[in-house]
Amino acid sequence: LVRSEGAGGLAQWVLVELQGEVEPRQSGGLAGSLLGDLHYTREGVPVLIVGHHILYGKVVQLEKPFAVLVKRGAGEPGPAGPHTHYTVTALIKTKLLFKTRPKPIITNVPKKV
Amino acid sequence: AMRSRAEVDATLQTAKLNPAELLPVVHCLSFGTQAGTGDCCLLQLEPGLCAELEAGRSLVIRGEKDEQAVLCSKDKTYDMKIADTSNMLLFIPGCKTPEELNADQASCDIIHSQIAGFSNNYWELRRCRPKLKKLRRLLMEDPYEGPDSRQDQTSTFSKYTTEDLLSLIQASEEEILHQLQVIDACKIEGYWRILEFDYEMKLLNHVTQLIDSESWSLNKVPLRTCLEELGSLEPREMIEHILLSYGRKYIDDGEVYFEMHEDKICRAIAQMLLQNAVKFNLSEFQEVWQQSVPEGMTARLDQLKGLALVDKTSRPETIFLLKVEDLPEDNQERFNSLFSIREKWTEVDITPYIQDLCAEKQTVGALLTKYARSSTQNGVKVYNSRRPIS
């Protein structure tokens, strides 16, 4: 298995860490569906609105950054057998950690625009 | 349809959040089309690896089906393990931090970010010893017996190039190349070979006899003359290889000389003597050994660390061949093997047989604490197995 990095600089992504699981609302699966709105307060506190919940989090600089690996198709066979290629697509040095209990949004009627 | 700023503001109002307390830019997060496919995964990087990747260097995962995968940088090897988290990790390209937003003077107020993937686990790395025992095993499949050997022409065994070894050995390139040097491998017709021991001794013998007949100093053996005198007996590359294996090359006044390694030569001769029987009477062996080494060299038992073991409990005392490279690579298996050979070991005796197991900052003492139990016998501290050995 060989992994190599793409040419040019590596993109910097961000990790968002949430408690619990992410489940699709629609039966069609997650692809294309909205998660929510991410805001930051003027003090830099991340605020995530997901469905009827507000989550407050914090920005954390990762002591051990992550590399994001993407599996490419099988490469040429070698003496050890066919190789699977992984490419490092991006590095993640920052995460937004949402650990506080979500605050439910109490709605009356959503305001129509 | 993508969310509009108006919809975002409406949500804020419903949530009773004051936009004045927030930065003007919002990220609308949605799942990208590839998000659920699982083709993306996370690898937690040990110090130094991040910098290596940013510098454009590659990392390689190595391991055949029956092996535990390892990750190799240019010069280090790491065990890979999956770490589970109870949380969900979403990885998002193009998502900005508050600092980046404040620094950026752009006028947009909405960023549509697509989540590239998500996971509740990631790969963890732990620096480990390179798995190099296989290297020796592969090269021992077909040791080189010399140009006269018919085996080379008819041999159907695998021979290995550098590239072959890189794909088969779970270690970094530098660690592999270093180990090839340590085991005195040489490249013959593009393939890495180990010399068959008898052939190696034959070559060494040519050189030591020449040194003797020419009355050269052991510290100043001239390459040119060796090639001239021995070139008719053996290939020049082999003569040079044996000198490189058993001596230190240097240049004096434009000529290449070798400073011969007394310890290594004596050790090889001991191996040659010891491999002929299960064990030897110690004093008889020492006498024959000293007579067999080149003039001017002194044979000493401390040259045989990791090669042979002296049994001080037998009457008379005996010595037998025990090569550390023949022992298992795994820590627990190594200790099991050693304790089945001898029940109790002193630290001095066991150290050469466990030294290579030490991880980066680990000591022999730490290994002994972990894998053995100590006791005192006749006033001497000895180590035995923690568990019964069958």
# chains A, B, ... in the order shown; residues from 1 in each chain; ligands from 1
$ residues_around --residues "Lys381 of chain B" --least-positions-apart "6" --cutoff "12 Å" --atoms "only C-alpha atoms" --output "list of chain:residue names"
B:Lys344, B:Trp345, B:Thr346, B:Glu347, B:Val348, B:Asp349, B:Leu368, B:Arg373, B:Ser374, B:Ser375
$ interface_residues --of "chain B" --to "chain A" --cutoff "8 Å" --atoms "only C-alpha atoms" --output "PyMOL selection string"
chain B and resi 6-8+10-11+14-15+21-23+25-36+39-47+50+53-54+56-64+86-99+164+167-168
$ write_last_selection --atoms "C-alpha atoms" --output "PDB file, in the first residue's frame"
ATOM      1  CA  ALA B   6     -31.965  35.694   4.760  1.00  0.00           C
ATOM      2  CA  GLU B   7     -32.754  32.154   5.843  1.00  0.00           C
ATOM      3  CA  VAL B   8     -29.709  32.182   8.101  1.00  0.00           C
ATOM      4  CA  ALA B  10     -34.292  33.978  10.221  1.00  0.00           C
ATOM      5  CA  THR B  11     -32.831  30.992  12.026  1.00  0.00           C
ATOM      6  CA  THR B  14     -35.737  31.984  16.010  1.00  0.00           C
ATOM      7  CA  ALA B  15     -32.779  30.886  18.078  1.00  0.00           C
ATOM      8  CA  GLU B  21     -22.549  39.432  19.086  1.00  0.00           C
ATOM      9  CA  LEU B  22     -21.542  37.272  16.159  1.00  0.00           C
ATOM     10  CA  LEU B  23     -19.004  37.628  13.377  1.00  0.00           C
ATOM     11  CA  VAL B  25     -19.703  35.465   8.239  1.00  0.00           C
ATOM     12  CA  VAL B  26     -21.668  32.226   8.563  1.00  0.00           C
ATOM     13  CA  HIS B  27     -20.656  28.775   7.317  1.00  0.00           C
ATOM     14  CA  CYS B  28     -23.590  26.754   6.014  1.00  0.00           C
ATOM     15  CA  LEU B  29     -22.525  23.172   6.453  1.00  0.00           C
ATOM     16  CA  SER B  30     -23.902  20.408   4.293  1.00  0.00           C
ATOM     17  CA  PHE B  31     -22.767  16.932   3.427  1.00  0.00           C
ATOM     18  CA  GLY B  32     -20.868  16.563   0.188  1.00  0.00           C
ATOM     19  CA  THR B  33     -21.828  13.855  -2.276  1.00  0.00           C
ATOM     20  CA  GLN B  34     -18.870  11.649  -1.327  1.00  0.00           C
ATOM     21  CA  ALA B  35     -19.290  12.167   2.384  1.00  0.00           C
ATOM     22  CA  GLY B  36     -20.799   8.827   3.302  1.00  0.00           C
ATOM     23  CA  ASP B  39     -13.130   6.485   1.190  1.00  0.00           C
ATOM     24  CA  CYS B  40     -11.751   9.181   3.460  1.00  0.00           C
ATOM     25  CA  CYS B  41     -10.089   8.420   6.757  1.00  0.00           C
ATOM     26  CA  LEU B  42      -8.058  10.219   9.390  1.00  0.00           C
ATOM     27  CA  LEU B  43      -4.460   9.532  10.380  1.00  0.00           C
ATOM     28  CA  GLN B  44      -3.139  11.080  13.576  1.00  0.00           C
ATOM     29  CA  LEU B  45       0.398  12.326  12.982  1.00  0.00           C
ATOM     30  CA  GLU B  46       3.315  11.895  15.340  1.00  0.00           C
ATOM     31  CA  PRO B  47       5.698  14.841  15.767  1.00  0.00           C
ATOM     32  CA  CYS B  50       3.337  16.736   9.638  1.00  0.00           C
ATOM     33  CA  LEU B  53       4.226  15.859   4.542  1.00  0.00           C
ATOM     34  CA  GLU B  54       4.277  19.650   4.197  1.00  0.00           C
ATOM     35  CA  GLY B  56       6.382  17.159   0.061  1.00  0.00           C
ATOM     36  CA  ARG B  57       7.717  13.812   1.271  1.00  0.00           C
ATOM     37  CA  SER B  58       5.709  10.620   1.128  1.00  0.00           C
ATOM     38  CA  LEU B  59       4.650   8.214   3.786  1.00  0.00           C
ATOM     39  CA  VAL B  60       4.210   4.544   2.973  1.00  0.00           C
ATOM     40  CA  ILE B  61       2.055   1.863   4.507  1.00  0.00           C
ATOM     41  CA  ARG B  62       3.707  -1.550   4.335  1.00  0.00           C
ATOM     42  CA  GLY B  63       2.466  -4.984   5.198  1.00  0.00           C
ATOM     43  CA  GLU B  64       1.384  -8.165   3.522  1.00  0.00           C
ATOM     44  CA  SER B  86     -17.462   8.091  21.087  1.00  0.00           C
ATOM     45  CA  ASN B  87     -17.761  11.378  19.211  1.00  0.00           C
ATOM     46  CA  MET B  88     -18.382  12.075  15.554  1.00  0.00           C
ATOM     47  CA  LEU B  89     -15.556  13.697  13.637  1.00  0.00           C
ATOM     48  CA  LEU B  90     -16.487  15.715  10.567  1.00  0.00           C
ATOM     49  CA  PHE B  91     -13.774  16.923   8.230  1.00  0.00           C
ATOM     50  CA  ILE B  92     -14.534  20.138   6.425  1.00  0.00           C
ATOM     51  CA  PRO B  93     -12.526  21.796   3.653  1.00  0.00           C
ATOM     52  CA  GLY B  94     -12.662  25.542   3.323  1.00  0.00           C
ATOM     53  CA  CYS B  95     -13.898  26.093   6.840  1.00  0.00           C
ATOM     54  CA  LYS B  96     -12.305  29.113   8.443  1.00  0.00           C
ATOM     55  CA  THR B  97     -11.355  29.792  12.020  1.00  0.00           C
ATOM     56  CA  PRO B  98     -12.251  33.025  13.786  1.00  0.00           C
ATOM     57  CA  GLU B  99      -8.688  34.315  13.349  1.00  0.00           C
ATOM     58  CA  ASP B 164      11.698  -5.567  -3.977  1.00  0.00           C
ATOM     59  CA  SER B 167       7.897  -3.447  -0.828  1.00  0.00           C
ATOM     60  CA  LEU B 168       8.383  -6.566   1.294  1.00  0.00           C
TER      61      LEU B 168
END
$ atom_distance --atom1 "atom CA of Phe118 of chain B" --atom2 "atom CA of Asp84 of chain B"
12.9 Å
$ atom_distance --atom1 "atom CA of Pro328 of chain B" --atom2 "atom CA of Ile354 of chain B"
10.5 Å
$ closest_residue --among "B:Pro235, B:Ile251, B:Gly146, B:Glu200" --to "Leu223 of chain B" --atoms "only C-alpha atoms"
B:Ile251
$ residues_around --residues "Glu287 of chain B" --least-positions-apart "5" --cutoff "10 Å" --atoms "only C-alpha atoms" --output "PyMOL selection string"
chain B and resi 282+292+299
